[in-house]
Amino acid sequence: MATGLTGRALRVATVPYAHPYLEAVLPPDLVRVGPPPPAGDPWAPSPWLDPRYLTAHADEVDVVHLHFGYDALSEAAMTAWAAAARAHEVPVVVTVHDLRNPHHATPERHTAHLRTLLGDAAGVLTLTPGAAAEIRTTFGRAARVVPHPALVRPQPGTDHGPGRVGLHLKSLRPNTGEPMVIVAAVLAGATAGGGRLQVDVHDDVDLAGRLPGLTALAGDGALDLMVHARFDDHDLVAYLQGLAVSVLPYRFGTHSGWLEAGHDVGTRIVAPSCGYYADQWDDVATYTHDEEHGLDADSLSRAVTDALTRPAPAAADPRARAAQRQAARDAHTETYAAAVDRGGRGTRSRGVPHPEVGA
């Protein structure tokens with residue numbers, strides 16, 4: 001149990017307050033300090049990212065844990081926030097989900113954020129050994145590896161579409177690369193493997209301006225085009241479970257919850273060479289696509305064909321995933337307790353240090 005010296009549960013403020021990943025990894029016996037986001041606006045900026053709020057409420061929390069949601073802060077704002085946490089002896093834990101932010105066109109701001117956060121962090125976590133190695137090399141910190149746990153379960157009565165390849169372009173965020181080149185390469189690979197391509201895109205995208213020719217391909221019967229709002233969690237599971245293969249079109253990035261959901265339901269993922277996607281699951285088909293080499297369209301086509309023609313993966317073993325989730329929660333309990341000691345609040349709460357936490 002995550003308790004302090006007084007025997008009470010540790011109080012943890014997370015940024016963001018709620019997310020499926022947090023529900024999976026947070027120990028159930030800690031006190032999650034709010035406030036929750038406003039109704040209908042789950043991505044509202046956390047008030048804990050305001051140095052004035054942190055200063056006013058520092059005595060109400062034992063640990064602040066940053067996951068994501070601080071993208072909009074300037075470098076100066078992040079520096080001011082870290083200074084406030086340090087001044088009020090608020091231990092900060094950081095899980096490095098992204099070493100290269102998929103929402104930023106260039107890496108400098110996110111790298112600066114990480115340099116500021118990791119310099120002071122009382123605990124550092126990440127999801128894969130590759131990311132941990134990069135964190136050590138780039139930022140001089142040792143990160144405890146806590147593998148991404150299961151997020152979803154297969155839905156009864158939903159079968160994988162034989163030969164169906166999904167390419168979801170979402171809202172064409174900055175890391176998507178050249179979308180029509182990707183469409184052509186995936187289409188060629190799906191056709192060669194005897195499959196059928198389905199392209200999904202959010203309804204906020206200007207199809208004619210940003211995806212010229214896609215509507216014509218669909219009209220000619222070359223592929224299926226689905227334009228819709230962002231999936232909720234239920235619809236995302238149904239979508240992935242209806243595919244044999246799901247292609248991640250990213251030019252940069254680090255880890256993927258989408259990939260983990262594919263693992264959970266037994267949909268093979270075709271992932272780019274950037275980041276550490278292949279570290280997350282040992283049955284990922286990879287292709288060359290990163291900021292150094294660009295897109296190798298032939299390697300993408302081959303990866304799609306290979307993914308289609310290999311035996312289909314099984315859905316993740318629920319018992320193994322349950323054990324992994326419990327291990328993640330135990331790791332968080334240990335990290336929070338150790339962070340309280342390292343953050344200068346050992347007189348208020350005593351934890352169990354872990355040799356992999358900290359520098």
# chains A, B, ... in the order shown; residues from 1 in each chain; ligands from 1
call {"tool": "select_by_dssp", "arguments": {"residues": "range 115-185 of chain A", "states": "alpha helix (DSSP H)", "output": "ChimeraX atom specification"}}
result
/A:115-120,129-139,179-185
call {"tool": "closest_residue", "arguments": {"among": "A:Arg310, A:Arg210, A:Arg136, A:Arg164", "to": "Gly195 in chain A", "atoms": "only C-alpha atoms"}}
result
A:Arg164
call {"tool": "residues_around", "arguments": {"residues": "Leu207 in chain A", "least_positions_apart": "3", "cutoff": "12 Å", "atoms": "only C-alpha atoms", "output": "list of chain:residue names"}}
result
A:Leu169, A:Lys170, A:Ser171, A:Leu172, A:Pro179, A:Met180, A:Asp200, A:Val201, A:His202, A:Asp203, A:Asp204, A:Arg210, A:Leu211, A:Pro212, A:Gly213, A:Leu214, A:Thr215, A:Ala216, A:Leu225, A:Met226, A:Val227
call {"tool": "residues_around", "arguments": {"residues": "Ala190 in chain A", "least_positions_apart": "3", "cutoff": "12 Å", "atoms": "only C-alpha atoms", "output": "PyMOL selection string"}}
result
chain A and resi 162-167+183-187+193-199+222-223+244-247+270+300-309
call {"tool": "write_last_selection", "arguments": {"atoms": "C-alpha atoms", "output": "JSON list (two decimals), in the first residue's frame"}}
result
[["chain", "number", "residue", "atom", "x", "y", "z"],
["A", 162, "PRO", "CA", -9.92, -11.30, -43.32],
["A", 163, "GLY", "CA", -7.30, -9.39, -45.28],
["A", 164, "ARG", "CA", -8.54, -5.98, -44.12],
["A", 165, "VAL", "CA", -5.75, -3.43, -43.73],
["A", 166, "GLY", "CA", -6.48, -0.24, -41.79],
["A", 167, "LEU", "CA", -4.66, 3.05, -42.32],
["A", 183, "VAL", "CA", -1.67, 5.58, -48.94],
["A", 184, "ALA", "CA", -0.16, 4.44, -52.25],
["A", 185, "ALA", "CA", 2.47, 2.28, -50.53],
["A", 186, "VAL", "CA", -0.03, 0.65, -48.17],
["A", 187, "LEU", "CA", -2.45, 0.07, -51.03],
["A", 193, "GLY", "CA", -0.99, -9.65, -49.97],
["A", 194, "GLY", "CA", -4.52, -10.31, -51.19],
["A", 195, "GLY", "CA", -6.04, -7.76, -48.83],
["A", 196, "ARG", "CA", -8.32, -4.73, -48.93],
["A", 197, "LEU", "CA", -7.31, -1.25, -47.73],
["A", 198, "GLN", "CA", -9.56, 0.87, -45.52],
["A", 199, "VAL", "CA", -8.47, 4.49, -45.00],
["A", 222, "ALA", "CA", -9.48, 0.92, -55.11],
["A", 223, "LEU", "CA", -10.00, 1.34, -51.35],
["A", 244, "ALA", "CA", -6.24, -7.95, -39.77],
["A", 245, "VAL", "CA", -3.51, -5.28, -39.92],
["A", 246, "SER", "CA", -3.28, -1.69, -38.69],
["A", 247, "VAL", "CA", -0.60, 0.64, -40.13],
["A", 270, "VAL", "CA", 2.84, -2.27, -39.00],
["A", 300, "LEU", "CA", 6.22, -0.09, -46.20],
["A", 301, "SER", "CA", 4.58, -2.08, -48.99],
["A", 302, "ARG", "CA", 6.67, -5.14, -48.09],
["A", 303, "ALA", "CA", 5.82, -4.81, -44.40],
["A", 304, "VAL", "CA", 2.09, -4.69, -45.15],
["A", 305, "THR", "CA", 2.30, -7.74, -47.42],
["A", 306, "ASP", "CA", 4.35, -9.60, -44.81],
["A", 307, "ALA", "CA", 1.89, -8.68, -42.05],
["A", 308, "LEU", "CA", -1.02, -9.97, -44.14],
["A", 309, "THR", "CA", 0.57, -13.24, -45.19]]
